[in-house]
Amino acid sequence: MFSRRDFLQLAAATAAVLPQTSVRAFAQQRLTQADLLKFNALGNVTLMHIADVHGTLTPVYFREPSVNLGVGDVKGLPPHINGKTFLTRYGIPEKSAAAYALTFEDFEALAKTYGRIGGLDRAAAVLKAVRSERGEDKVLFLDGGDTWQGSLGANRSKGQDMVDCFKLLKPDAMTGHWEFTYGEKRVKEIIDGLGFPFLALNIRDTEWQEPVFEAFKLFDKGGVKVAVLGQAFPYTPVANPRWLMPKWSFGIREDEVRATVDKARKAGAQLVVLLSHNGFDVDRKLAARVAGIDVILTSHTHDALPEAVKVGKTLLIASGSQGKFISRLDLDVRDGAVKDFRYKLIPLFADVIQPDPEMKAAIEKARAPYATELARVVGRTDSLLYRRGNFNGTFDDLICSALIKERDAEIALSPGFRWGASVLPNSAITVEDIHSATAITYPNAYRMTMSGERLKEILEDVADNLFNPDPYYQQGGDMVRCGGLGYTIDIAKPQGQRISGMTFLKTGKAIEPKRDYTVAGWASVNEGTEGPPIWDVVERYIAREKVVMVAPNTSVKIVGA
Amino acid sequence: MTLIFNRRQVLAYSAAAAAVLSGTIKPAAAANDSAELIKKFTGGKTPQQGRVKLDLPEIAENGNTVPMTVVVESPMTEQSYVSDVMVVADGNPNGGVVTFHFSPASGVAEANTRIRLATSQDIIAVAKMNDGSFFMASKPVKVTIGGCGG
Amino acid sequence: MAVPRIKLDRKEAKKGELVEVKALVSHVMESGQRKDSAGKTIPRKILNKFTCTVNGKAVFSADFEPAVAANPYIQFKFKAQESGKVELTWTDDDGSKIVGEETITVT
C-alpha cells in the first residue's frame, strides 16, 4: 500500500509536536514539497483528480467530519469512518500532518501546527510538477464538479472567477452539480467558452428525453485510448431548485451508464474512467453492478481517502473537498486492462507547497474587485466554527441562532451542505468566512409557520435522503440542521419511523403536532421565496453579538448507528 | 439537504391525489385497487418475476411527470410475442396508470410515457404473453418533499 | 384542436428495421380527482386511448388512465414493413380525436 507508506513518511517527518511557538516553524521545516510530491511513477497513464472545490481559490482550514455514518451494507466501511478509527484503519500516527489533513482529531491544535491547506495556486504547482515529470502526453486532469459555486466572488461573477482560474489548470474534462444552480442559460454560456468538454451522460431534456451534453470523450494518453465518461449529480433538480434547470432531467440512469461504457469500449477505449458526481456510496453500488469501468473518480460526498477502494475490478478514488487535496493515480494499462496502479492523495499544505506564480496572479486578479469586502471583519469567534458532519456543525448552529434572533422565529432550519471553510477559535470572522458557508444563488431567508406534524415530515424526508439503506435512494447531503428543536433519530429504522422525541427547546416541551411554530430557514427550492439573503442575516447577528461562542450541540440524539 | 417543504410542489402532486394527500405526503400504503386490477388482468394467475424491465428514476424530480419505460424480453414473432403490458401504481388514488398493446408488428415490446405519482410508492408492470403466461417487475419510486445535498 | 408533435428517428428504413416514434400532444389530462376552490370535483377529462397504425394496420396502442401526465408523451417502436402513412390517434373522453401523421419509406 503505497499511500500508507507514503503517509507514514509524511507522518514521521512531523511526528514530534513541540511547544506552541516553535511548532509551526518546525513542522514547516520538516515537511517539504518534495515529500508531498514524492511518487514512484508507474505504468503509462496518470490521472489527476480534483473535486468539490466549491469556489475556493485560496488556502483554508477545513475540519473533516466527526460523524459520518453509513447504513446497510456500508456501515463502518470507508468513507464511513472517522477520527481514531480512520487513523488506525490507514496506519496514520496521531497528530501527524496526515492526521490533520484527513481527520477531525486534535483539529484546533494541529491547525496551528500545520496551517491552512489548499489554494488553486498550490494545486497548479503540483499539476505542473506532475505534468513535467510524467510528460503531458501521459497525464489527464479531471474536475469532478462543484467547482463554480461556494464563495462571494463565485456568486457575484456567476462562476466566472472559478472558470477563469480553472482554465489555467487545463482540465481535460469536467462534470457538475452546483454549476447548474446558475441556471441553464449561464451554464450553456460558460460551457460554450470552456475549451474542454463538460460531460454528463445522465442529463436528458424534459421534452423529448434526448441527451443534452456529451456523454464521454476519448483521449490518447501514453499510447492508451482512455474514455472519460461524465456523470453529473443525479438529484440536482431534487436537492436544488428545479426552476433553475427546468428543461433538464437528471437521474442515476444505470442503464445509460452501462450503454455508454459499451459505446466507449466499442470505440476502442482500453481504459474506462467514470468522472462521477454520484457520491461515494452510489458509485460503490454502481461499480458492483456495471461491468467495464476501470476507475471511478468519485465526488459529491466530500470524502478524502488515502487509498483507493476496490470493488470487483473497479478502483474508486475519493479526493476530498474545498481544494484541500489533489489525487494522483498512475495506471499500467496493457492489453486493454489495468495491470497495476499506484495512488496518492496529495494534501496541499499551503505553507509547504510553493505557489504557482501564474495562478497566484490570476487569483489576485479574480479577488481584486471584492478584496476589501472579503477581508472586512464582522466579529470574532471564541470557538471553532465548522460545518461538516451528519447532524450539526457549529457554523450551522451559528446560522440557526442568527435566523432565530434576526428573523424572530421559534425554530430555525438550515441545510446540511457539506461545503464551507472552518474558522479557528479566537479569530476574526470575515465577510469571506460567512459567504464560504452561505454563497448560493437562492439565498433568501424565509419566515413562515409550520405545524409540528409538518416539521416531523420534513425531518423524516431529509433523514431518508441520508439514511435510506439503498444508496440509489440517497441524495448525499447531511441532515437538515435545527435551531430551537431537538430530536432523537434512529438511523436504522425505515422512513417515517426514524424521528422521535421532538422537543421545543425554548420550553423543553414536546413538539405538538397540531400547533403552528414560527420557522425561519434558507435555501428553499421554491421559486419566489422571500426574505433577506442569508449572509446578511448572519452578518447582522455576528455584528450585534461581536463575539460568538458556539457550545457543542447536544439536542440531537442518535441511535441505531 | 435543504429543507424544502415545497408547499406548492406538494399541492401540485395532489393534482393526482387531492383526497388522499390533504396537503401532506403520507408514506405509501397499498390501499388502492392495484391488486384487483392485476388480478383481473391475469385472470387470477400469479405472474412470474422476470423478462419485464421497468425503468423509472429512483427519486422523482417532479411527481407530476415521471418518465417511465417498460421493456419486455420477447422475440416478438407470430409464434411468441407480448400482447399487453399493464402498469399500476400502488400508492395513487387509483391504481391504473397505462396499458400498452403490442403485436408482432411492434418488433419490440418497448414503450415510454410520463406518469403522475402522488407519493412514494411501488410501480408494477405485468406483461401478458400470447401463450397466456404472465411476467412482472416492480420498482419503488421515492417522491420527496425535496432536500439539498452536497 | 391540438396539433400533435411527432418525431420519427428515421424517415427511411430497411425492411425489418425498428423505427422509433416519439409524440407529444397538449392536453390537460384532468384526473377527475381534483377539487376547485369551491370544493366541487373538477370532472375528469383525459385522452384515454392512443393508437398508431401504418397504412391502416395497428402496430401499437395504449390505454391511458388519469395517472398519465398532462401533455401526454408517448414513445415506442415498430418494425418497418412497407412504405406509407404512419398515423397517430388520441381519443378524448368526450369522443373527439386528435390525429397526426408522418410518412415512412421502406427500402
# chains A, B, ... in the order shown; residues from 1 in each chain; ligands from 1

call {"tool": "interface_residues", "arguments": {"of": "chain C", "to": "chain B", "cutoff": "7 Å", "atoms": "only C-alpha atoms", "output": "PyMOL selection string"}}
result
chain C and resi 18+31+33-34+59-69+72-79

call {"tool": "write_last_selection", "arguments": {"atoms": "N, CA and C atoms", "output": "compact mmCIF listing (two decimals), in the first residue's frame"}}
result
# COMPACT_ATOMS: atom_id res chain seq x y z
N LEU C 18 -36.18 -1.44 -36.92
CA LEU C 18 -37.08 -0.80 -35.96
C LEU C 18 -37.07 0.71 -36.15
N SER C 31 -57.76 14.82 -14.03
CA SER C 31 -57.84 13.47 -13.46
C SER C 31 -59.22 13.11 -12.94
N GLN C 33 -59.99 13.89 -10.02
CA GLN C 33 -59.76 13.73 -8.58
C GLN C 33 -59.49 15.06 -7.90
N ARG C 34 -59.47 16.13 -8.71
CA ARG C 34 -59.17 17.43 -8.11
C ARG C 34 -60.46 18.17 -7.78
N VAL C 59 -49.96 -1.07 -35.14
CA VAL C 59 -48.66 -1.56 -34.71
C VAL C 59 -48.45 -1.41 -33.21
N PHE C 60 -49.19 -0.46 -32.63
CA PHE C 60 -49.04 -0.21 -31.19
C PHE C 60 -50.24 0.59 -30.72
N SER C 61 -50.73 0.31 -29.50
CA SER C 61 -51.75 1.17 -28.91
C SER C 61 -51.59 1.19 -27.39
N ALA C 62 -52.28 2.13 -26.76
CA ALA C 62 -52.19 2.25 -25.30
C ALA C 62 -53.48 2.80 -24.74
N ASP C 63 -53.83 2.32 -23.53
CA ASP C 63 -54.97 2.89 -22.80
C ASP C 63 -54.41 3.75 -21.68
N PHE C 64 -54.77 5.01 -21.66
CA PHE C 64 -54.29 5.93 -20.63
C PHE C 64 -55.30 6.04 -19.49
N GLU C 65 -54.79 6.08 -18.27
CA GLU C 65 -55.60 6.36 -17.08
C GLU C 65 -55.27 7.80 -16.63
N PRO C 66 -55.99 8.31 -15.64
CA PRO C 66 -55.70 9.68 -15.17
C PRO C 66 -54.28 9.85 -14.63
N ALA C 67 -53.58 8.76 -14.36
CA ALA C 67 -52.21 8.87 -13.85
C ALA C 67 -51.19 9.16 -14.94
N VAL C 68 -51.65 9.24 -16.19
CA VAL C 68 -50.72 9.67 -17.25
C VAL C 68 -50.64 11.21 -17.18
N ALA C 69 -49.41 11.72 -17.24
CA ALA C 69 -49.16 13.14 -17.01
C ALA C 69 -49.83 14.02 -18.07
N PRO C 72 -49.57 14.45 -22.68
CA PRO C 72 -49.03 13.09 -22.72
C PRO C 72 -47.90 12.91 -23.73
N TYR C 73 -46.89 12.20 -23.27
CA TYR C 73 -45.74 11.85 -24.08
C TYR C 73 -45.80 10.35 -24.31
N ILE C 74 -45.55 9.94 -25.54
CA ILE C 74 -45.52 8.51 -25.80
C ILE C 74 -44.34 8.20 -26.72
N GLN C 75 -43.68 7.11 -26.43
CA GLN C 75 -42.52 6.70 -27.21
C GLN C 75 -42.58 5.19 -27.37
N PHE C 76 -42.41 4.72 -28.59
CA PHE C 76 -42.48 3.27 -28.85
C PHE C 76 -41.77 3.00 -30.17
N LYS C 77 -41.72 1.72 -30.55
CA LYS C 77 -41.08 1.36 -31.81
C LYS C 77 -42.01 0.47 -32.63
N PHE C 78 -41.78 0.47 -33.93
CA PHE C 78 -42.46 -0.54 -34.75
C PHE C 78 -41.49 -1.07 -35.79
N LYS C 79 -41.85 -2.22 -36.34
CA LYS C 79 -40.98 -2.86 -37.31
C LYS C 79 -41.38 -2.40 -38.72

call {"tool": "interface_residues", "arguments": {"of": "chain A", "to": "chain C", "cutoff": "12 Å", "atoms": "only C-alpha atoms", "output": "compact mmCIF listing (two decimals) with N, CA, C and O atoms, in the first residue's frame"}}
result
# COMPACT_ATOMS: atom_id res chain seq x y z
N THR A 206 -36.27 17.55 -20.87
CA THR A 206 -37.54 17.07 -20.32
C THR A 206 -38.60 16.89 -21.40
O THR A 206 -39.62 16.27 -21.16
N GLU A 207 -38.37 17.46 -22.59
CA GLU A 207 -39.40 17.37 -23.63
C GLU A 207 -39.29 16.05 -24.42
O GLU A 207 -40.19 15.23 -24.39
N TRP A 208 -38.17 15.84 -25.09
CA TRP A 208 -38.03 14.65 -25.95
C TRP A 208 -37.13 13.59 -25.34
O TRP A 208 -36.81 12.59 -25.97
N GLN A 209 -36.62 13.85 -24.14
CA GLN A 209 -35.79 12.88 -23.42
C GLN A 209 -34.52 12.51 -24.21
O GLN A 209 -34.12 11.36 -24.27
N GLU A 210 -33.96 13.55 -24.84
CA GLU A 210 -32.73 13.34 -25.60
C GLU A 210 -31.53 13.95 -24.88
O GLU A 210 -31.69 14.86 -24.08

call {"tool": "interface_residues", "arguments": {"of": "chain A", "to": "chain B", "cutoff": "9 Å", "atoms": "only C-alpha atoms", "output": "number ranges by chain"}}
result
A: 52, 146, 177-178, 206, 209, 235-242, 249-253, 255, 279, 300-302, 413-419, 454-455, 457-459, 461-462, 465-466, 472-480, 495-496, 521-526

call {"tool": "closest_residue", "arguments": {"among": "B:Asp90, B:Arg51, B:Ser138, B:Ser133", "to": "Val72 (chain B)", "atoms": "only C-alpha atoms"}}
result
B:Arg51

call {"tool": "closest_residue", "arguments": {"among": "C:Glu102, C:Glu30, C:Asp9, C:Glu17", "to": "Val86 (chain C)", "atoms": "only C-alpha atoms"}}
result
C:Glu102

call {"tool": "residues_around", "arguments": {"residues": "region 92-96 of chain C", "least_positions_apart": "5", "cutoff": "7 Å", "atoms": "only C-alpha atoms", "output": "list of chain:residue names"}}
result
C:Lys45, C:Ile46, C:Leu47, C:Asn48

call {"tool": "residues_around", "arguments": {"residues": "Asp490 (chain A)", "least_positions_apart": "5", "cutoff": "7 Å", "atoms": "only C-alpha atoms", "output": "MDAnalysis selection string"}}
result
chainID A and resid 498:499 558:560

call {"tool": "write_last_selection", "arguments": {"atoms": "N, CA and C atoms", "output": "compact mmCIF listing (two decimals), in the first residue's frame"}}
result
# COMPACT_ATOMS: atom_id res chain seq x y z
N ARG A 498 -38.07 7.13 11.88
CA ARG A 498 -36.73 7.41 12.41
C ARG A 498 -36.74 8.48 13.51
N ILE A 499 -37.63 9.45 13.37
CA ILE A 499 -37.59 10.62 14.25
C ILE A 499 -38.57 10.46 15.42
N ILE A 558 -28.62 10.26 18.66
CA ILE A 558 -28.55 9.30 17.56
C ILE A 558 -28.58 7.88 18.12
N VAL A 559 -29.47 7.07 17.61
CA VAL A 559 -29.47 5.65 17.96
C VAL A 559 -29.48 4.83 16.67
N GLY A 560 -29.16 3.57 16.81
CA GLY A 560 -29.19 2.66 15.65
C GLY A 560 -27.94 2.76 14.79

call {"tool": "closest_residue", "arguments": {"among": "B:Pro75, B:Gly44, B:Gly91, B:Gly50", "to": "Ile123 (chain B)", "atoms": "only C-alpha atoms"}}
result
B:Gly91

call {"tool": "closest_residue", "arguments": {"among": "C:Ser26, C:Thr91, C:Ser83, C:Ser37", "to": "Cys52 (chain C)", "atoms": "only C-alpha atoms"}}
result
C:Thr91

call {"tool": "residues_around", "arguments": {"residues": "Asp335 (chain A)", "least_positions_apart": "2", "cutoff": "8 Å", "atoms": "only C-alpha atoms", "output": "VMD selection string"}}
result
chain A and resid 270 333 337

call {"tool": "write_last_selection", "arguments": {"atoms": "N, CA, C and O atoms", "output": "PDB file, in the first residue's frame"}}
result
ATOM      1  N   GLN A 270      -9.373   1.548 -24.115  1.00  0.00           N
ATOM      2  CA  GLN A 270      -8.660   0.499 -23.378  1.00  0.00           C
ATOM      3  C   GLN A 270      -8.738   0.751 -21.878  1.00  0.00           C
ATOM      4  O   GLN A 270      -8.462  -0.127 -21.073  1.00  0.00           O
ATOM      5  N   VAL A 333      -1.618   0.281 -18.028  1.00  0.00           N
ATOM      6  CA  VAL A 333      -2.682  -0.280 -18.867  1.00  0.00           C
ATOM      7  C   VAL A 333      -2.050  -1.025 -20.037  1.00  0.00           C
ATOM      8  O   VAL A 333      -1.319  -0.430 -20.837  1.00  0.00           O
ATOM      9  N   ALA A 337      -6.374  -3.703 -20.287  1.00  0.00           N
ATOM     10  CA  ALA A 337      -6.717  -3.938 -18.885  1.00  0.00           C
ATOM     11  C   ALA A 337      -5.715  -3.219 -17.975  1.00  0.00           C
ATOM     12  O   ALA A 337      -4.579  -2.968 -18.367  1.00  0.00           O
TER      13      ALA A 337
END

call {"tool": "residues_around", "arguments": {"residues": "region 501-518 of chain A", "least_positions_apart": "2", "cutoff": "8 Å", "atoms": "only C-alpha atoms", "output": "ChimeraX atom specification"}}
result
/A:409-411,447-454,456,484-488,499,520

call {"tool": "residues_around", "arguments": {"residues": "Asp294 (chain A)", "least_positions_apart": "5", "cutoff": "7 Å", "atoms": "only C-alpha atoms", "output": "compact mmCIF listing (two decimals) with all heavy atoms, in the first residue's frame"}}
result
# COMPACT_ATOMS: atom_id res chain seq x y z
N LEU A 271 -9.07 1.99 -21.54
CA LEU A 271 -9.24 2.36 -20.13
C LEU A 271 -10.53 3.18 -20.04
O LEU A 271 -10.69 4.15 -20.77
CB LEU A 271 -8.05 3.19 -19.65
CG LEU A 271 -8.09 3.67 -18.20
CD1 LEU A 271 -7.81 2.54 -17.22
CD2 LEU A 271 -7.08 4.81 -17.97
N VAL A 272 -11.42 2.76 -19.13
CA VAL A 272 -12.69 3.49 -18.99
C VAL A 272 -12.74 4.14 -17.61
O VAL A 272 -12.65 3.46 -16.58
CB VAL A 272 -13.90 2.56 -19.20
CG1 VAL A 272 -15.21 3.29 -18.86
CG2 VAL A 272 -13.95 2.06 -20.64
N VAL A 273 -12.87 5.46 -17.60
CA VAL A 273 -12.88 6.24 -16.37
C VAL A 273 -14.23 6.94 -16.24
O VAL A 273 -14.67 7.62 -17.18
CB VAL A 273 -11.77 7.32 -16.40
CG1 VAL A 273 -11.81 8.18 -15.13
CG2 VAL A 273 -10.40 6.67 -16.57
N LYS A 313 -13.32 -5.20 -10.17
CA LYS A 313 -12.12 -4.73 -10.87
C LYS A 313 -12.04 -3.20 -10.90
O LYS A 313 -11.15 -2.63 -11.53
CB LYS A 313 -12.15 -5.25 -12.32
CG LYS A 313 -11.88 -6.74 -12.43
CD LYS A 313 -11.92 -7.18 -13.88
CE LYS A 313 -11.62 -8.66 -13.99
NZ LYS A 313 -11.88 -9.16 -15.35
N THR A 314 -13.02 -2.54 -10.29
CA THR A 314 -13.08 -1.07 -10.38
C THR A 314 -12.40 -0.40 -9.19
O THR A 314 -12.61 -0.80 -8.04
CB THR A 314 -14.56 -0.63 -10.44
OG1 THR A 314 -15.21 -1.35 -11.48
CG2 THR A 314 -14.67 0.86 -10.71
N LEU A 315 -11.58 0.61 -9.49
CA LEU A 315 -10.94 1.40 -8.44
C LEU A 315 -11.76 2.65 -8.18
O LEU A 315 -12.09 3.38 -9.10
CB LEU A 315 -9.54 1.84 -8.88
CG LEU A 315 -8.49 0.77 -9.10
CD1 LEU A 315 -7.26 1.39 -9.78
CD2 LEU A 315 -8.10 0.13 -7.78

call {"tool": "select_by_dssp", "arguments": {"residues": "region 28-130 of chain B", "states": "helix (DSSP H, G or I)", "output": "list in words"}}
result
Ser34, Ala35, Glu36, Leu37, Ile38, Lys39, Lys40, Phe41, Thr42, Pro104, Ala105 and Ser106 of chain B

call {"tool": "write_last_selection", "arguments": {"atoms": "all heavy atoms", "output": "short mmCIF file (atom, residue, chain, number, x, y, z; two decimals), in the first residue's frame"}}
result
data_model
loop_
_atom_site.label_atom_id
_atom_site.label_comp_id
_atom_site.auth_asym_id
_atom_site.auth_seq_id
_atom_site.Cartn_x
_atom_site.Cartn_y
_atom_site.Cartn_z
N SER B 34 -54.92 -1.50 -7.02
CA SER B 34 -53.91 -2.06 -7.93
C SER B 34 -53.89 -3.59 -7.91
O SER B 34 -53.74 -4.23 -8.96
CB SER B 34 -52.53 -1.48 -7.63
OG SER B 34 -52.22 -1.61 -6.27
N ALA B 35 -54.07 -4.18 -6.72
CA ALA B 35 -54.05 -5.66 -6.65
C ALA B 35 -55.21 -6.26 -7.44
O ALA B 35 -55.04 -7.24 -8.18
CB ALA B 35 -54.10 -6.11 -5.19
N GLU B 36 -56.39 -5.64 -7.31
CA GLU B 36 -57.55 -6.14 -8.06
C GLU B 36 -57.35 -6.00 -9.57
O GLU B 36 -57.74 -6.89 -10.33
CB GLU B 36 -58.83 -5.39 -7.67
CG GLU B 36 -59.34 -5.66 -6.27
CD GLU B 36 -58.84 -4.64 -5.27
OE1 GLU B 36 -57.74 -4.82 -4.71
OE2 GLU B 36 -59.55 -3.65 -5.04
N LEU B 37 -56.75 -4.86 -9.96
CA LEU B 37 -56.51 -4.65 -11.39
C LEU B 37 -55.60 -5.73 -11.96
O LEU B 37 -55.84 -6.24 -13.06
CB LEU B 37 -55.89 -3.27 -11.61
CG LEU B 37 -56.82 -2.05 -11.41
CD1 LEU B 37 -56.01 -0.76 -11.45
CD2 LEU B 37 -57.92 -2.03 -12.47
N ILE B 38 -54.57 -6.08 -11.20
CA ILE B 38 -53.64 -7.12 -11.66
C ILE B 38 -54.38 -8.46 -11.76
O ILE B 38 -54.24 -9.20 -12.74
CB ILE B 38 -52.42 -7.23 -10.73
CG1 ILE B 38 -51.57 -5.95 -10.81
CG2 ILE B 38 -51.56 -8.45 -11.07
CD1 ILE B 38 -50.46 -5.84 -9.80
N LYS B 39 -55.17 -8.73 -10.75
CA LYS B 39 -55.92 -9.99 -10.72
C LYS B 39 -56.85 -10.12 -11.94
O LYS B 39 -56.92 -11.16 -12.58
CB LYS B 39 -56.75 -10.04 -9.42
CG LYS B 39 -56.86 -11.42 -8.82
CD LYS B 39 -57.38 -11.28 -7.40
CE LYS B 39 -58.03 -12.57 -6.94
NZ LYS B 39 -58.64 -12.40 -5.59
N LYS B 40 -57.50 -9.02 -12.22
CA LYS B 40 -58.42 -9.00 -13.36
C LYS B 40 -57.65 -9.21 -14.67
O LYS B 40 -58.07 -9.94 -15.57
CB LYS B 40 -59.15 -7.65 -13.39
CG LYS B 40 -60.54 -7.73 -13.96
CD LYS B 40 -61.27 -6.41 -13.71
CE LYS B 40 -61.99 -5.98 -14.98
NZ LYS B 40 -62.39 -4.56 -14.94
N PHE B 41 -56.49 -8.55 -14.74
CA PHE B 41 -55.66 -8.60 -15.95
C PHE B 41 -55.13 -10.02 -16.21
O PHE B 41 -55.06 -10.47 -17.35
CB PHE B 41 -54.50 -7.61 -15.79
CG PHE B 41 -53.59 -7.48 -16.97
CD1 PHE B 41 -54.01 -6.89 -18.16
CD2 PHE B 41 -52.27 -7.94 -16.89
CE1 PHE B 41 -53.15 -6.76 -19.24
CE2 PHE B 41 -51.41 -7.81 -17.97
CZ PHE B 41 -51.84 -7.22 -19.15
N THR B 42 -54.78 -10.72 -15.14
CA THR B 42 -54.17 -12.05 -15.29
C THR B 42 -55.20 -13.16 -15.17
O THR B 42 -54.85 -14.34 -15.27
CB THR B 42 -53.08 -12.29 -14.22
OG1 THR B 42 -53.70 -12.28 -12.93
CG2 THR B 42 -52.00 -11.23 -14.28
N PRO B 104 -46.78 -8.61 -33.05
CA PRO B 104 -45.53 -8.87 -33.77
C PRO B 104 -45.11 -7.70 -34.64
O PRO B 104 -43.92 -7.47 -34.86
CB PRO B 104 -45.86 -10.11 -34.60
CG PRO B 104 -46.92 -10.81 -33.82
CD PRO B 104 -47.75 -9.71 -33.21
N ALA B 105 -46.07 -6.90 -35.11
CA ALA B 105 -45.74 -5.73 -35.94
C ALA B 105 -44.98 -4.67 -35.15
O ALA B 105 -44.36 -3.77 -35.72
CB ALA B 105 -47.01 -5.14 -36.52
N SER B 106 -45.04 -4.74 -33.80
CA SER B 106 -44.31 -3.78 -32.98
C SER B 106 -42.80 -4.02 -33.08
O SER B 106 -42.01 -3.11 -32.87
CB SER B 106 -44.73 -3.89 -31.51
OG SER B 106 -46.13 -3.85 -31.38
#
